[in-house]
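Undergrad: Here you go, start25.cif (mmCIF, C-alpha atoms):
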data_data
loop_
_atom_site.group_PDB
_atom_site.id
_atom_site.type_symbol
_atom_site.label_atom_id
_atom_site.label_comp_id
_atom_site.auth_asym_id
_atom_site.auth_seq_id
_atom_site.Cartn_x
_atom_site.Cartn_y
_atom_site.Cartn_z
ATOM 1 C CA MET A 72 52.329 4.749 59.501
ATOM 2 C CA LEU A 73 53.830 4.603 55.992
ATOM 3 C CA ALA A 74 57.186 5.942 57.148
ATOM 4 C CA LYS A 75 57.269 3.453 60.001
ATOM 5 C CA HIS A 76 57.091 0.600 57.467
ATOM 6 C CA LYS A 77 59.381 2.361 54.960
ATOM 7 C CA ILE A 78 56.603 2.721 52.395
ATOM 8 C CA CYS A 79 56.771 5.558 49.885
ATOM 9 C CA LEU A 80 53.351 6.381 48.435
ATOM 10 C CA LEU A 81 53.715 7.419 44.796
ATOM 11 C CA PRO A 82 50.499 8.263 42.982
ATOM 12 C CA LEU A 83 50.463 7.396 39.296
ATOM 13 C CA PRO A 84 50.528 10.525 37.141
ATOM 14 C CA PRO A 85 47.216 11.595 35.564
ATOM 15 C CA ASN A 86 46.186 9.651 32.435
ATOM 16 C CA SER A 87 48.833 6.953 32.923
ATOM 17 C CA THR A 88 47.007 4.208 34.807
ATOM 18 C CA HIS A 89 45.752 2.526 31.632
ATOM 19 C CA PHE A 90 49.303 1.524 30.698
ATOM 20 C CA LEU A 91 51.169 1.597 34.024
ATOM 21 C CA GLN A 92 48.849 -0.314 36.331
ATOM 22 C CA PRO A 93 51.053 -2.859 38.142
ATOM 23 C CA LEU A 94 48.105 -4.910 39.403
ATOM 24 C CA ASP A 95 46.789 -5.434 35.868
ATOM 25 C CA ASN A 96 50.218 -6.429 34.592
ATOM 26 C CA ILE A 97 50.688 -9.780 36.335
ATOM 27 C CA ILE A 98 48.821 -9.989 39.598
ATOM 28 C CA PHE A 99 45.201 -9.898 38.434
ATOM 29 C CA ALA A 100 46.056 -12.117 35.450
ATOM 30 C CA ASN A 101 47.409 -14.771 37.852
ATOM 31 C CA PHE A 102 44.385 -14.375 40.132
ATOM 32 C CA LYS A 103 41.950 -14.609 37.207
ATOM 33 C CA ARG A 104 43.687 -17.707 35.807
ATOM 34 C CA LYS A 105 43.553 -19.452 39.188
ATOM 35 C CA MET A 106 39.905 -18.528 39.711
ATOM 36 C CA GLN A 107 38.984 -19.818 36.232
ATOM 37 C CA SER A 108 40.728 -23.083 37.069
ATOM 38 C CA LEU A 109 38.802 -23.361 40.337
ATOM 39 C CA VAL A 110 35.483 -22.626 38.626
ATOM 40 C CA GLN A 111 36.193 -25.197 35.917
ATOM 41 C CA GLY A 112 37.173 -27.750 38.548
ATOM 42 C CA ALA A 113 33.928 -27.134 40.413
ATOM 43 C CA ARG A 114 31.921 -27.453 37.190
ATOM 44 C CA ASP A 115 33.652 -30.724 36.365
ATOM 45 C CA GLU A 116 32.324 -32.176 39.593
ATOM 46 C CA ARG A 117 28.953 -33.188 38.149
ATOM 47 C CA TYR A 118 27.450 -33.963 41.530
ATOM 48 C CA LEU A 119 27.663 -30.344 42.643
ATOM 49 C CA GLY A 120 24.657 -28.091 42.219
ATOM 50 C CA ASN A 121 24.947 -24.361 41.553
ATOM 51 C CA ASP A 122 24.953 -23.447 45.249
ATOM 52 C CA GLU A 123 27.708 -25.976 45.993
ATOM 53 C CA ILE A 124 29.762 -24.711 43.039
ATOM 54 C CA ILE A 125 29.443 -21.132 44.294
ATOM 55 C CA ASN A 126 30.394 -22.138 47.839
ATOM 56 C CA SER A 127 33.337 -24.213 46.599
ATOM 57 C CA VAL A 128 34.685 -21.354 44.496
ATOM 58 C CA LEU A 129 34.188 -18.792 47.263
ATOM 59 C CA GLN A 130 36.029 -21.000 49.744
ATOM 60 C CA SER A 131 38.891 -21.344 47.263
ATOM 61 C CA THR A 132 39.208 -17.604 46.590
ATOM 62 C CA GLY A 133 41.643 -17.219 49.491
ATOM 63 C CA GLU A 134 43.906 -19.834 47.902
ATOM 64 C CA ALA A 135 43.860 -17.991 44.569
ATOM 65 C CA PHE A 136 44.557 -14.695 46.333
ATOM 66 C CA LYS A 137 47.555 -16.143 48.205
ATOM 67 C CA GLU A 138 49.024 -17.479 44.955
ATOM 68 C CA ALA A 139 48.464 -14.269 42.991
ATOM 69 C CA PHE A 140 49.498 -11.688 45.597
ATOM 70 C CA THR A 141 52.892 -12.955 46.701
ATOM 71 C CA PRO A 142 55.689 -10.464 47.420
ATOM 72 C CA SER A 143 57.715 -11.754 44.454
ATOM 73 C CA VAL A 144 54.775 -11.403 42.040
ATOM 74 C CA ILE A 145 54.017 -7.891 43.308
ATOM 75 C CA ARG A 146 57.671 -6.851 42.883
ATOM 76 C CA ALA A 147 57.730 -8.369 39.376
ATOM 77 C CA ALA A 148 54.603 -6.435 38.380
ATOM 78 C CA TRP A 149 56.097 -3.105 39.468
ATOM 79 C CA ARG A 150 59.373 -3.979 37.723
ATOM 80 C CA ASN A 151 57.611 -5.050 34.489
ATOM 81 C CA VAL A 152 55.817 -1.738 34.060
ATOM 82 C CA GLY A 153 58.988 0.178 34.913
ATOM 83 C CA LEU A 154 57.747 1.849 38.076
ATOM 84 C CA TRP A 155 60.126 0.334 40.624
ATOM 85 C CA PRO A 156 62.951 0.594 40.166
ATOM 86 C CA LEU A 157 62.194 3.424 37.768
ATOM 87 C CA ASP A 158 62.961 2.195 34.226
ATOM 88 C CA LYS A 159 62.360 4.667 31.397
ATOM 89 C CA LYS A 160 62.788 1.978 28.736
ATOM 90 C CA ALA A 161 60.072 -0.243 30.254
ATOM 91 C CA ILE A 162 57.757 2.765 30.590
ATOM 92 C CA GLN A 163 58.377 3.666 26.934
ATOM 93 C CA THR A 164 57.611 0.084 25.911
ATOM 94 C CA HIS A 165 54.301 0.069 27.772
ATOM 95 C CA LEU A 166 53.378 3.532 26.527
ATOM 96 C CA ALA A 167 54.234 2.592 22.917
ATOM 97 C CA HIS A 168 52.050 -0.515 23.209
ATOM 98 C CA CYS A 169 49.191 1.552 24.583
ATOM 99 C CA VAL A 170 49.537 4.250 21.918
ATOM 100 C CA GLY A 171 49.643 1.548 19.242
ATOM 101 C CA GLU A 172 46.173 0.473 20.366
ATOM 102 C CA LEU A 173 44.723 3.990 20.079
ATOM 103 C CA THR A 174 43.296 5.517 16.935
ATOM 104 C CA LYS A 175 45.074 8.528 15.447
ATOM 105 C CA ASN A 176 42.419 10.912 16.784
ATOM 106 C CA GLU A 177 43.085 9.748 20.348
ATOM 107 C CA LEU A 178 46.867 10.190 20.406
ATOM 108 C CA PRO A 179 47.452 12.500 23.392
ATOM 109 C CA VAL A 180 51.167 13.342 23.157
ATOM 110 C CA ASP A 181 54.380 12.084 21.649
ATOM 111 C CA LEU A 182 56.078 9.195 23.455
ATOM 112 C CA GLN A 183 59.192 11.013 24.599
ATOM 113 C CA SER A 184 57.245 13.880 26.161
ATOM 114 C CA ALA A 185 54.948 11.482 28.010
ATOM 115 C CA VAL A 186 57.860 9.444 29.385
ATOM 116 C CA THR A 187 59.713 12.591 30.448
ATOM 117 C CA VAL A 188 56.664 13.955 32.297
ATOM 118 C CA LEU A 189 56.078 10.593 33.925
ATOM 119 C CA THR A 190 59.648 10.055 35.125
ATOM 120 C CA ASP A 191 59.985 13.674 36.280
ATOM 121 C CA THR A 192 56.808 13.243 38.342
ATOM 122 C CA PHE A 193 58.148 10.100 39.993
ATOM 123 C CA ASN A 194 61.589 11.556 40.598
ATOM 124 C CA SER A 195 60.120 14.621 42.288
ATOM 125 C CA SER A 196 57.818 12.390 44.377
ATOM 126 C CA ILE A 197 60.747 10.415 45.750
ATOM 127 C CA GLY A 198 62.999 13.435 46.180
ATOM 128 C CA LYS A 199 65.310 12.939 43.155
ATOM 129 C CA ARG A 200 66.067 15.804 40.828
#
The structure given in the file should be rewritten as structure tokens.
TA:
Amino acid sequence: MLAKHKICLLPLPPNSTHFLQPLDNIIFANFKRKMQSLVQGARDERYLGNDEIINSVLQSTGEAFKEAFTPSVIRAAWRNVGLWPLDKKAIQTHLAHCVGELTKNELPVDLQSAVTVLTDTFNSSIGKR
């Protein structure tokens, strides 16, 4: 099925999802922002009770989803984290940001080694050497 639709499934390497998660990069932020706007709009409508607010927000979730999960936003998220097309510099930037948030005791590896392992994993997954 994947091959039929020209989809290449590339699992994220172990211990990398906290800084290379494309959905967290843009998509969920857009979805969350839209949902917060919808909730606030429902709250502003003083005549609505709690049940009506919940129903209004639930009915609007599809709208928020359509705005957040567009093909262009999904492509931008993968590009921003450096996963597609593969961009070592973007990966290093995200890894450096993540490492900067860790305490010294939690530092797993040096940046260059982590980026090399990550890009080698992806290259072997897609058949590049």
Undergrad: Have a look at A:Arg104, A:Val152, A:Pro93, A:Met72 and name the one nearest to A:Glu138; count only C-alpha atoms.
TA: A:Arg104
Undergrad: Could you state which residues are captured by the PyMOL selection byres ((chain A and resi 99) around 12) in this file, as a list in words?
TA: Gln92, Pro93, Leu94, Asp95, Asn96, Ile97, Ile98, Ala100, Asn101, Phe102, Lys103, Arg104, Lys105, Met106, Gln107, Ala135, Phe136, Lys137, Glu138, Ala139, Phe140, Thr141, Val144, Ile145 and Ala148 of chain A
Undergrad: Pick from A:Asn194, A:Asn151, A:Gln111, A:Ser87: nearest to A:Ser127, with only C-alpha atoms counted?
TA: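 Looking only at the distances to A:Ser127, the closest residue turns out to be A:Gln111.
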Undergrad: Atom CA of A:Cys79 and atom CA of A:Thr164, how far apart in Å?
TA: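 That distance, rounded to one decimal, is 24.6 Å.
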Undergrad: Which one of A:Ile124, A:Leu91, A:Ile78, A:Leu83 sits closest to A:Asp191 if you count only C-alpha atoms?
TA: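 The shortest atom-to-atom distance to A:Asp191 comes from A:Leu83.
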Undergrad: For atom CA of A:Arg146 and atom CA of A:Ile162, quote the distance in Å rounded to one decimal.
TA: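 Pair atom CA of A:Arg146 / atom CA of A:Ile162 returns 15.6 Å.
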Undergrad: Find, counting all atoms listed in the file, the residue in A:Gly153, A:Ser108, A:Lys159, A:Asp115 that gets nearest to A:Glu134.
TA: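 Of all the options, A:Ser108 lies closest to A:Glu134.
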Undergrad: Hey, can you check how far atom CA of A:Leu80 sits from atom CA of A:His168?
TA: 26.2 Å
Undergrad: A:Val110, A:His165, A:Asp158, A:Gly133: which is nearest A:Thr190, counting all atoms listed in the file?
TA: A:Asp158
Undergrad: Will you model N, CA and C atoms for stretch 90-101 of chain A and pass it back as a PDB file, in the coordinates of the input?
TA:
ATOM      1  N   PHE A  90      48.160   2.279  31.184  1.00  0.00           N
ATOM      2  CA  PHE A  90      49.303   1.524  30.698  1.00  0.00           C
ATOM      3  C   PHE A  90      50.347   1.249  31.782  1.00  0.00           C
ATOM      4  N   LEU A  91      50.184   1.815  32.967  1.00  0.00           N
ATOM      5  CA  LEU A  91      51.169   1.597  34.024  1.00  0.00           C
ATOM      6  C   LEU A  91      50.563   0.981  35.281  1.00  0.00           C
ATOM      7  N   GLN A  92      49.503   0.251  35.156  1.00  0.00           N
ATOM      8  CA  GLN A  92      48.849  -0.314  36.331  1.00  0.00           C
ATOM      9  C   GLN A  92      49.518  -1.634  36.712  1.00  0.00           C
ATOM     10  N   PRO A  93      50.332  -1.640  37.770  1.00  0.00           N
ATOM     11  CA  PRO A  93      51.053  -2.859  38.142  1.00  0.00           C
ATOM     12  C   PRO A  93      50.137  -4.045  38.457  1.00  0.00           C
ATOM     13  N   LEU A  94      48.994  -3.792  39.065  1.00  0.00           N
ATOM     14  CA  LEU A  94      48.105  -4.910  39.403  1.00  0.00           C
ATOM     15  C   LEU A  94      47.575  -5.599  38.153  1.00  0.00           C
ATOM     16  N   ASP A  95      47.301  -4.838  37.098  1.00  0.00           N
ATOM     17  CA  ASP A  95      46.789  -5.434  35.868  1.00  0.00           C
ATOM     18  C   ASP A  95      47.871  -6.198  35.117  1.00  0.00           C
ATOM     19  N   ASN A  96      49.110  -5.849  35.337  1.00  0.00           N
ATOM     20  CA  ASN A  96      50.218  -6.429  34.592  1.00  0.00           C
ATOM     21  C   ASN A  96      50.382  -7.921  34.817  1.00  0.00           C
ATOM     22  N   ILE A  97      50.465  -8.362  36.036  1.00  0.00           N
ATOM     23  CA  ILE A  97      50.688  -9.780  36.335  1.00  0.00           C
ATOM     24  C   ILE A  97      49.703 -10.281  37.377  1.00  0.00           C
ATOM     25  N   ILE A  98      49.510  -9.513  38.404  1.00  0.00           N
ATOM     26  CA  ILE A  98      48.821  -9.989  39.598  1.00  0.00           C
ATOM     27  C   ILE A  98      47.385 -10.418  39.301  1.00  0.00           C
ATOM     28  N   PHE A  99      46.589  -9.536  38.711  1.00  0.00           N
ATOM     29  CA  PHE A  99      45.201  -9.898  38.434  1.00  0.00           C
ATOM     30  C   PHE A  99      45.106 -11.000  37.386  1.00  0.00           C
ATOM     31  N   ALA A 100      46.050 -11.033  36.448  1.00  0.00           N
ATOM     32  CA  ALA A 100      46.056 -12.117  35.450  1.00  0.00           C
ATOM     33  C   ALA A 100      46.255 -13.463  36.147  1.00  0.00           C
ATOM     34  N   ASN A 101      47.190 -13.527  37.100  1.00  0.00           N
ATOM     35  CA  ASN A 101      47.409 -14.771  37.852  1.00  0.00           C
ATOM     36  C   ASN A 101      46.168 -15.131  38.665  1.00  0.00           C
TER      37      ASN A 101
END
